[in-house]
$ cat model-v4.pdb   # PDB, C-alpha atoms, pLDDT in the B column
ATOM      1  CA  ASP A 969     100.470  58.343  87.896  1.00 63.00           C
ATOM      2  CA  ALA A 970      97.047  57.683  89.323  1.00 68.00           C
ATOM      3  CA  PHE A 971      97.170  60.636  91.708  1.00 83.00           C
ATOM      4  CA  TRP A 972      98.782  63.359  89.577  1.00 88.00           C
ATOM      5  CA  LEU A 973      95.474  65.146  89.107  1.00 91.00           C
ATOM      6  CA  GLN A 974      94.698  65.127  92.819  1.00 89.00           C
ATOM      7  CA  ARG A 975      98.187  66.423  93.687  1.00 91.00           C
ATOM      8  CA  GLU A 976      97.782  69.266  91.197  1.00 93.00           C
ATOM      9  CA  ILE A 977      94.406  70.194  92.675  1.00 94.00           C
ATOM     10  CA  ASN A 978      95.942  70.053  96.170  1.00 92.00           C
ATOM     11  CA  LYS A 979      98.151  72.971  95.146  1.00 92.00           C
ATOM     12  CA  PHE A 980      95.164  75.320  95.266  1.00 92.00           C
ATOM     13  CA  CYS A 981      92.741  73.360  97.445  1.00 89.00           C
ATOM     14  CA  ASP A 982      93.753  72.865 101.091  1.00 86.00           C
ATOM     15  CA  ASP A 983      91.151  70.270 102.076  1.00 90.00           C
ATOM     16  CA  ALA A 984      92.150  66.718 101.018  1.00 88.00           C
ATOM     17  CA  VAL A 985      88.542  65.485 100.902  1.00 92.00           C
ATOM     18  CA  VAL A 986      87.461  68.404  98.710  1.00 92.00           C
ATOM     19  CA  SER A 987      90.537  67.877  96.524  1.00 90.00           C
ATOM     20  CA  GLN A 988      89.689  64.198  96.043  1.00 91.00           C
ATOM     21  CA  ARG A 989      86.081  65.043  95.173  1.00 94.00           C
ATOM     22  CA  LYS A 990      87.186  67.714  92.703  1.00 94.00           C
ATOM     23  CA  SER A 991      89.626  65.347  91.014  1.00 93.00           C
ATOM     24  CA  THR A 992      86.788  62.844  90.542  1.00 94.00           C
ATOM     25  CA  GLU A 993      84.597  65.607  89.124  1.00 96.00           C
ATOM     26  CA  VAL A 994      87.397  66.774  86.806  1.00 96.00           C
ATOM     27  CA  LEU A 995      87.785  63.236  85.430  1.00 95.00           C
ATOM     28  CA  SER A 996      84.045  63.082  84.863  1.00 96.00           C
ATOM     29  CA  ILE A 997      84.126  66.409  83.013  1.00 97.00           C
ATOM     30  CA  LEU A 998      87.075  65.285  80.865  1.00 95.00           C
ATOM     31  CA  GLU A 999      85.290  62.045  80.023  1.00 94.00           C
ATOM     32  CA  ASN A1000      81.778  63.352  79.408  1.00 95.00           C
ATOM     33  CA  SER A1001      82.268  66.771  77.816  1.00 94.00           C
ATOM     34  CA  VAL A1002      81.161  67.142  74.214  1.00 91.00           C
ATOM     35  CA  ASP A1003      84.341  68.986  73.196  1.00 91.00           C
ATOM     36  CA  ASP A1004      87.276  70.935  74.614  1.00 90.00           C
ATOM     37  CA  ARG A1005      85.275  74.158  74.877  1.00 92.00           C
ATOM     38  CA  ASP A1006      82.529  72.425  76.866  1.00 95.00           C
ATOM     39  CA  ALA A1007      85.177  70.877  79.133  1.00 95.00           C
ATOM     40  CA  GLU A1008      86.841  74.255  79.643  1.00 95.00           C
ATOM     41  CA  ASN A1009      83.556  75.931  80.637  1.00 96.00           C
ATOM     42  CA  LYS A1010      82.700  73.188  83.130  1.00 97.00           C
ATOM     43  CA  LEU A1011      86.225  73.199  84.568  1.00 97.00           C
ATOM     44  CA  VAL A1012      86.112  76.975  85.091  1.00 97.00           C
ATOM     45  CA  ILE A1013      82.847  76.573  86.999  1.00 96.00           C
ATOM     46  CA  LEU A1014      84.316  73.754  89.128  1.00 96.00           C
ATOM     47  CA  LEU A1015      87.850  75.051  89.722  1.00 96.00           C
ATOM     48  CA  GLY A1016      87.395  78.790  89.329  1.00 94.00           C
ATOM     49  CA  PHE A1017      88.889  81.272  86.919  1.00 94.00           C
ATOM     50  CA  ASP A1018      91.864  81.780  89.265  1.00 95.00           C
ATOM     51  CA  ASN A1019      93.104  78.358  88.126  1.00 95.00           C
ATOM     52  CA  PHE A1020      92.747  79.011  84.421  1.00 95.00           C
ATOM     53  CA  ASP A1021      96.387  78.117  83.671  1.00 95.00           C
ATOM     54  CA  PHE A1022      95.768  74.648  85.119  1.00 95.00           C
ATOM     55  CA  ILE A1023      92.463  74.428  83.239  1.00 96.00           C
ATOM     56  CA  LYS A1024      94.298  75.200  79.971  1.00 95.00           C
ATOM     57  CA  ILE A1025      96.688  72.316  80.663  1.00 95.00           C
ATOM     58  CA  LEU A1026      93.749  69.991  81.330  1.00 95.00           C
ATOM     59  CA  ARG A1027      91.938  71.141  78.192  1.00 93.00           C
ATOM     60  CA  LYS A1028      94.999  70.837  75.979  1.00 93.00           C
ATOM     61  CA  ASN A1029      95.826  67.370  77.331  1.00 92.00           C
ATOM     62  CA  ARG A1030      92.270  66.236  77.995  1.00 93.00           C
ATOM     63  CA  LEU A1031      92.520  62.721  76.588  1.00 92.00           C
ATOM     64  CA  LYS A1032      96.045  62.147  77.940  1.00 92.00           C
ATOM     65  CA  VAL A1033      95.087  63.136  81.470  1.00 93.00           C
ATOM     66  CA  LEU A1034      91.868  61.139  81.362  1.00 93.00           C
ATOM     67  CA  TYR A1035      93.220  57.903  79.903  1.00 91.00           C
ATOM     68  CA  CYS A1036      96.573  57.942  81.694  1.00 90.00           C
ATOM     69  CA  THR A1037      94.709  58.362  84.990  1.00 90.00           C
ATOM     70  CA  LEU A1038      92.195  55.658  84.145  1.00 90.00           C
ATOM     71  CA  LEU A1039      94.982  53.270  83.124  1.00 88.00           C
ATOM     72  CA  ALA A1040      97.024  54.035  86.220  1.00 86.00           C
ATOM     73  CA  ARG A1041      94.037  53.309  88.444  1.00 85.00           C
ATOM     74  CA  ALA A1042      93.125  50.082  86.652  1.00 86.00           C
ATOM     75  CA  GLU A1043      94.700  46.864  87.889  1.00 79.00           C
ATOM     76  CA  TYR A1044      97.409  45.379  85.655  1.00 76.00           C
ATOM     77  CA  GLY A1045      96.085  42.321  83.891  1.00 76.00           C
ATOM     78  CA  GLY A1046      92.566  43.095  85.011  1.00 82.00           C
ATOM     79  CA  GLU A1047      89.529  43.197  82.743  1.00 90.00           C
ATOM     80  CA  GLU A1048      89.075  46.954  83.186  1.00 89.00           C
ATOM     81  CA  ARG A1049      92.633  47.699  82.091  1.00 87.00           C
ATOM     82  CA  ASP A1050      92.415  45.265  79.173  1.00 89.00           C
ATOM     83  CA  ALA A1051      89.179  46.918  78.019  1.00 92.00           C
ATOM     84  CA  LEU A1052      90.756  50.387  78.286  1.00 91.00           C
ATOM     85  CA  GLU A1053      93.810  49.316  76.311  1.00 91.00           C
ATOM     86  CA  ALA A1054      91.633  47.693  73.641  1.00 92.00           C
ATOM     87  CA  LYS A1055      89.562  50.866  73.356  1.00 93.00           C
ATOM     88  CA  MET A1056      92.699  52.978  73.102  1.00 93.00           C
ATOM     89  CA  ARG A1057      94.248  50.739  70.427  1.00 90.00           C
ATOM     90  CA  SER A1058      91.116  50.990  68.288  1.00 92.00           C
ATOM     91  CA  ASP A1059      90.731  54.788  68.555  1.00 90.00           C
ATOM     92  CA  ALA A1060      92.890  56.967  66.295  1.00 93.00           C
ATOM     93  CA  GLN A1061      93.193  59.717  68.937  1.00 91.00           C
ATOM     94  CA  LEU A1062      93.961  57.367  71.809  1.00 91.00           C
ATOM     95  CA  ALA A1063      96.335  54.917  70.102  1.00 91.00           C
ATOM     96  CA  PRO A1064      99.295  57.351  70.120  1.00 90.00           C
ATOM     97  CA  ILE A1065      98.819  57.915  73.862  1.00 90.00           C
ATOM     98  CA  LEU A1066      98.888  54.173  74.555  1.00 89.00           C
ATOM     99  CA  HIS A1067     101.904  53.760  72.249  1.00 86.00           C
ATOM    100  CA  ALA A1068     103.765  56.543  74.075  1.00 86.00           C
ATOM    101  CA  LEU A1069     103.015  54.935  77.441  1.00 81.00           C
ATOM    102  CA  THR A1070     104.193  51.556  76.192  1.00 79.00           C
ATOM    103  CA  GLU A1071     107.309  53.154  74.729  1.00 75.00           C
ATOM    104  CA  ILE A1072     108.090  54.900  78.027  1.00 62.00           C
ATOM    105  CA  ASN A1073     107.632  51.677  79.979  1.00 59.00           C
ATOM    106  CA  THR A1074     109.941  49.822  77.593  1.00 59.00           C
ATOM    107  CA  GLU A1075     112.570  52.573  77.794  1.00 61.00           C
ATOM    108  CA  ASP A1076     112.333  52.570  81.591  1.00 62.00           C
ATOM    109  CA  LEU A1077     112.900  48.813  81.699  1.00 63.00           C
ATOM    110  CA  VAL A1078     115.901  49.066  79.371  1.00 65.00           C
ATOM    111  CA  GLU A1079     117.395  51.906  81.428  1.00 70.00           C
ATOM    112  CA  GLU A1080     116.789  49.994  84.649  1.00 69.00           C
ATOM    113  CA  GLU A1081     118.562  46.912  83.274  1.00 71.00           C
ATOM    114  CA  ARG A1082     121.512  49.046  82.102  1.00 77.00           C
ATOM    115  CA  SER A1083     121.783  50.565  85.576  1.00 78.00           C
ATOM    116  CA  ARG A1084     121.796  47.114  87.181  1.00 75.00           C
ATOM    117  CA  LYS A1085     124.536  45.903  84.833  1.00 80.00           C
ATOM    118  CA  ALA A1086     126.625  49.008  85.489  1.00 82.00           C
ATOM    119  CA  ALA A1087     126.234  48.549  89.253  1.00 82.00           C
ATOM    120  CA  ARG A1088     127.342  44.900  88.934  1.00 79.00           C
ATOM    121  CA  ARG A1089     130.430  45.926  86.963  1.00 82.00           C
ATOM    122  CA  LYS A1090     131.354  48.506  89.579  1.00 82.00           C
ATOM    123  CA  SER A1091     130.982  45.998  92.404  1.00 80.00           C
ATOM    124  CA  ARG A1092     133.466  43.567  90.815  1.00 74.00           C
TER     125      ARG A1092
END
$ encode --input "model-v4.pdb" --output "C-alpha cells"
Amino acid sequence: DAFWLQREINKFCDDAVVSQRKSTEVLSILENSVDDRDAENKLVILLGFDNFDFIKILRKNRLKVLYCTLLARAEYGGEERDALEAKMRSDAQLAPILHALTEINTEDLVEEERSRKAARRKSR
C-alpha cells in the first residue's frame, strides 16, 4: 500500500502536511542510510524517541517498507516500476520481497476467482 507509511505516521502526527513530509523523509532515510543502525539514529532524530517502537519496525523491515512503498507508488507497466522490479530480481536481499509480493498477488487472484465461482453457484 502506497500510503501505509503515511497512515502510520498520522497516528502520532496530527498535521497531514507534516505527516506527508515526514513519510517522504523516512523513505529517504530508509533508502540512503548506510546500515540499519544509521537508519535507526536518523529515524530517532526525525520521529523522536517516543516513537521508538515504530522505528524498530521500520528498521527491522527497512527494505520491505522501502521497496513495497516504491513499487506501490510506481505505475503498473511503467518504466519506473519495471526498473524497480528488475533491480529487485537481481538483488539477493530484494528478490524474496518481490517473490512474496508476486505470490500474494497470485493468491489474491485465485481467492477472488474462487469467490466469484462460489457466488455464481449460490445464485443458481
$ closest_residue --input "model-v4.pdb" --among "A:Leu1066, A:Met1056, A:Ile1023, A:Ala1040" --to "Leu1011 of chain A" --atoms "all atoms listed in the file"
A:Ile1023
$ resolve_selection --input "model-v4.pdb" --expression "the PyMOL selection byres ((chain A and resi 998-1010) around 12)" --output "compact mmCIF listing (two decimals) with C-alpha atoms, keeping the file's coordinate frame"
# COMPACT_ATOMS: atom_id res chain seq x y z
CA LEU A 973 95.47 65.15 89.11
CA LYS A 990 87.19 67.71 92.70
CA SER A 991 89.63 65.35 91.01
CA THR A 992 86.79 62.84 90.54
CA GLU A 993 84.60 65.61 89.12
CA VAL A 994 87.40 66.77 86.81
CA LEU A 995 87.78 63.24 85.43
CA SER A 996 84.04 63.08 84.86
CA ILE A 997 84.13 66.41 83.01
CA LEU A 1011 86.22 73.20 84.57
CA VAL A 1012 86.11 76.97 85.09
CA ILE A 1013 82.85 76.57 87.00
CA LEU A 1014 84.32 73.75 89.13
CA LEU A 1015 87.85 75.05 89.72
CA GLY A 1016 87.40 78.79 89.33
CA PHE A 1017 88.89 81.27 86.92
CA ASN A 1019 93.10 78.36 88.13
CA PHE A 1020 92.75 79.01 84.42
CA ASP A 1021 96.39 78.12 83.67
CA PHE A 1022 95.77 74.65 85.12
CA ILE A 1023 92.46 74.43 83.24
CA LYS A 1024 94.30 75.20 79.97
CA ILE A 1025 96.69 72.32 80.66
CA LEU A 1026 93.75 69.99 81.33
CA ARG A 1027 91.94 71.14 78.19
CA LYS A 1028 95.00 70.84 75.98
CA ASN A 1029 95.83 67.37 77.33
CA ARG A 1030 92.27 66.24 78.00
CA LEU A 1031 92.52 62.72 76.59
CA LYS A 1032 96.04 62.15 77.94
CA VAL A 1033 95.09 63.14 81.47
CA LEU A 1034 91.87 61.14 81.36
CA TYR A 1035 93.22 57.90 79.90
CA THR A 1037 94.71 58.36 84.99
CA LEU A 1038 92.20 55.66 84.14
$ residues_around --input "model-v4.pdb" --residues "Ser987 of chain A" --least-positions-apart "2" --cutoff "10 Å" --atoms "only C-alpha atoms" --output "VMD selection string"
chain A and resid 973 to 985 989 to 993
$ atom_distance --input "model-v4.pdb" --atom1 "atom CA of Cys1036 of chain A" --atom2 "atom CA of Arg1057 of chain A"
13.6 Å
$ atom_distance --input "model-v4.pdb" --atom1 "atom CA of Pro1064 of chain A" --atom2 "atom CA of Asp1050 of chain A"
16.6 Å
$ atom_distance --input "model-v4.pdb" --atom1 "atom CA of Phe971 of chain A" --atom2 "atom CA of Gln1061 of chain A"
23.1 Å
$ build_atoms --input "model-v4.pdb" --residues "segment 986-997 of chain A" --atoms "all heavy atoms" --output "PDB file, keeping the file's coordinate frame"
ATOM      1  N   VAL A 986      87.977  67.569  99.801  1.00 92.00           N
ATOM      2  CA  VAL A 986      87.461  68.404  98.710  1.00 92.00           C
ATOM      3  C   VAL A 986      88.311  68.198  97.454  1.00 92.00           C
ATOM      4  O   VAL A 986      87.795  68.074  96.348  1.00 92.00           O
ATOM      5  CB  VAL A 986      87.434  69.901  99.116  1.00 92.00           C
ATOM      6  CG1 VAL A 986      87.076  70.784  97.938  1.00 92.00           C
ATOM      7  CG2 VAL A 986      86.464  70.115 100.266  1.00 92.00           C
ATOM      8  N   SER A 987      89.623  68.105  97.643  1.00 90.00           N
ATOM      9  CA  SER A 987      90.537  67.877  96.524  1.00 90.00           C
ATOM     10  C   SER A 987      90.242  66.553  95.828  1.00 90.00           C
ATOM     11  O   SER A 987      90.212  66.475  94.595  1.00 90.00           O
ATOM     12  CB  SER A 987      91.971  67.893  97.034  1.00 90.00           C
ATOM     13  OG  SER A 987      92.869  67.572  96.026  1.00 90.00           O
ATOM     14  N   GLN A 988      90.007  65.507  96.614  1.00 91.00           N
ATOM     15  CA  GLN A 988      89.689  64.198  96.043  1.00 91.00           C
ATOM     16  C   GLN A 988      88.373  64.257  95.265  1.00 91.00           C
ATOM     17  O   GLN A 988      88.269  63.724  94.173  1.00 91.00           O
ATOM     18  CB  GLN A 988      89.614  63.152  97.148  1.00 91.00           C
ATOM     19  CG  GLN A 988      89.374  61.759  96.621  1.00 91.00           C
ATOM     20  CD  GLN A 988      89.344  60.730  97.744  1.00 91.00           C
ATOM     21  OE1 GLN A 988      89.209  61.062  98.924  1.00 91.00           O
ATOM     22  NE2 GLN A 988      89.487  59.479  97.372  1.00 91.00           N
ATOM     23  N   ARG A 989      87.381  64.916  95.842  1.00 94.00           N
ATOM     24  CA  ARG A 989      86.081  65.043  95.173  1.00 94.00           C
ATOM     25  C   ARG A 989      86.221  65.825  93.868  1.00 94.00           C
ATOM     26  O   ARG A 989      85.693  65.434  92.833  1.00 94.00           O
ATOM     27  CB  ARG A 989      85.070  65.728  96.099  1.00 94.00           C
ATOM     28  CG  ARG A 989      83.635  65.650  95.558  1.00 94.00           C
ATOM     29  CD  ARG A 989      82.697  66.565  96.278  1.00 94.00           C
ATOM     30  NE  ARG A 989      83.001  67.870  95.728  1.00 94.00           N
ATOM     31  CZ  ARG A 989      83.086  69.023  96.376  1.00 94.00           C
ATOM     32  NH1 ARG A 989      82.866  69.121  97.565  1.00 94.00           N
ATOM     33  NH2 ARG A 989      83.399  70.139  95.805  1.00 94.00           N
ATOM     34  N   LYS A 990      86.999  66.906  93.913  1.00 94.00           N
ATOM     35  CA  LYS A 990      87.186  67.714  92.703  1.00 94.00           C
ATOM     36  C   LYS A 990      87.937  66.933  91.628  1.00 94.00           C
ATOM     37  O   LYS A 990      87.633  67.064  90.451  1.00 94.00           O
ATOM     38  CB  LYS A 990      87.905  69.026  93.027  1.00 94.00           C
ATOM     39  CG  LYS A 990      86.998  70.018  93.702  1.00 94.00           C
ATOM     40  CD  LYS A 990      87.626  71.375  93.816  1.00 94.00           C
ATOM     41  CE  LYS A 990      86.662  72.305  94.521  1.00 94.00           C
ATOM     42  NZ  LYS A 990      86.836  73.682  94.154  1.00 94.00           N
ATOM     43  N   SER A 991      88.899  66.124  92.023  1.00 93.00           N
ATOM     44  CA  SER A 991      89.626  65.347  91.014  1.00 93.00           C
ATOM     45  C   SER A 991      88.699  64.340  90.345  1.00 93.00           C
ATOM     46  O   SER A 991      88.777  64.115  89.137  1.00 93.00           O
ATOM     47  CB  SER A 991      90.867  64.680  91.607  1.00 93.00           C
ATOM     48  OG  SER A 991      90.606  63.459  92.173  1.00 93.00           O
ATOM     49  N   THR A 992      87.785  63.761  91.109  1.00 94.00           N
ATOM     50  CA  THR A 992      86.788  62.844  90.542  1.00 94.00           C
ATOM     51  C   THR A 992      85.872  63.599  89.581  1.00 94.00           C
ATOM     52  O   THR A 992      85.565  63.114  88.487  1.00 94.00           O
ATOM     53  CB  THR A 992      85.960  62.183  91.663  1.00 94.00           C
ATOM     54  OG1 THR A 992      86.855  61.464  92.515  1.00 94.00           O
ATOM     55  CG2 THR A 992      84.920  61.237  91.106  1.00 94.00           C
ATOM     56  N   GLU A 993      85.460  64.792  89.975  1.00 96.00           N
ATOM     57  CA  GLU A 993      84.597  65.607  89.124  1.00 96.00           C
ATOM     58  C   GLU A 993      85.327  66.052  87.852  1.00 96.00           C
ATOM     59  O   GLU A 993      84.735  66.071  86.772  1.00 96.00           O
ATOM     60  CB  GLU A 993      84.080  66.824  89.893  1.00 96.00           C
ATOM     61  CG  GLU A 993      83.079  66.467  90.969  1.00 96.00           C
ATOM     62  CD  GLU A 993      82.596  67.677  91.758  1.00 96.00           C
ATOM     63  OE1 GLU A 993      82.280  68.712  91.131  1.00 96.00           O
ATOM     64  OE2 GLU A 993      82.534  67.592  92.991  1.00 96.00           O
ATOM     65  N   VAL A 994      86.608  66.392  87.982  1.00 96.00           N
ATOM     66  CA  VAL A 994      87.397  66.774  86.806  1.00 96.00           C
ATOM     67  C   VAL A 994      87.466  65.619  85.820  1.00 96.00           C
ATOM     68  O   VAL A 994      87.257  65.797  84.615  1.00 96.00           O
ATOM     69  CB  VAL A 994      88.810  67.255  87.205  1.00 96.00           C
ATOM     70  CG1 VAL A 994      89.721  67.342  85.985  1.00 96.00           C
ATOM     71  CG2 VAL A 994      88.746  68.601  87.913  1.00 96.00           C
ATOM     72  N   LEU A 995      87.742  64.408  86.310  1.00 95.00           N
ATOM     73  CA  LEU A 995      87.785  63.236  85.430  1.00 95.00           C
ATOM     74  C   LEU A 995      86.448  63.030  84.729  1.00 95.00           C
ATOM     75  O   LEU A 995      86.412  62.724  83.533  1.00 95.00           O
ATOM     76  CB  LEU A 995      88.172  61.981  86.202  1.00 95.00           C
ATOM     77  CG  LEU A 995      89.635  61.844  86.570  1.00 95.00           C
ATOM     78  CD1 LEU A 995      89.860  60.596  87.402  1.00 95.00           C
ATOM     79  CD2 LEU A 995      90.515  61.839  85.339  1.00 95.00           C
ATOM     80  N   SER A 996      85.374  63.218  85.450  1.00 96.00           N
ATOM     81  CA  SER A 996      84.045  63.082  84.863  1.00 96.00           C
ATOM     82  C   SER A 996      83.826  64.121  83.766  1.00 96.00           C
ATOM     83  O   SER A 996      83.293  63.808  82.696  1.00 96.00           O
ATOM     84  CB  SER A 996      82.987  63.218  85.956  1.00 96.00           C
ATOM     85  OG  SER A 996      81.701  63.158  85.392  1.00 96.00           O
ATOM     86  N   ILE A 997      84.256  65.346  84.019  1.00 97.00           N
ATOM     87  CA  ILE A 997      84.126  66.409  83.013  1.00 97.00           C
ATOM     88  C   ILE A 997      84.964  66.064  81.780  1.00 97.00           C
ATOM     89  O   ILE A 997      84.494  66.189  80.644  1.00 97.00           O
ATOM     90  CB  ILE A 997      84.543  67.773  83.604  1.00 97.00           C
ATOM     91  CG1 ILE A 997      83.487  68.253  84.608  1.00 97.00           C
ATOM     92  CG2 ILE A 997      84.751  68.804  82.501  1.00 97.00           C
ATOM     93  CD1 ILE A 997      83.912  69.460  85.439  1.00 97.00           C
TER      94      ILE A 997
END
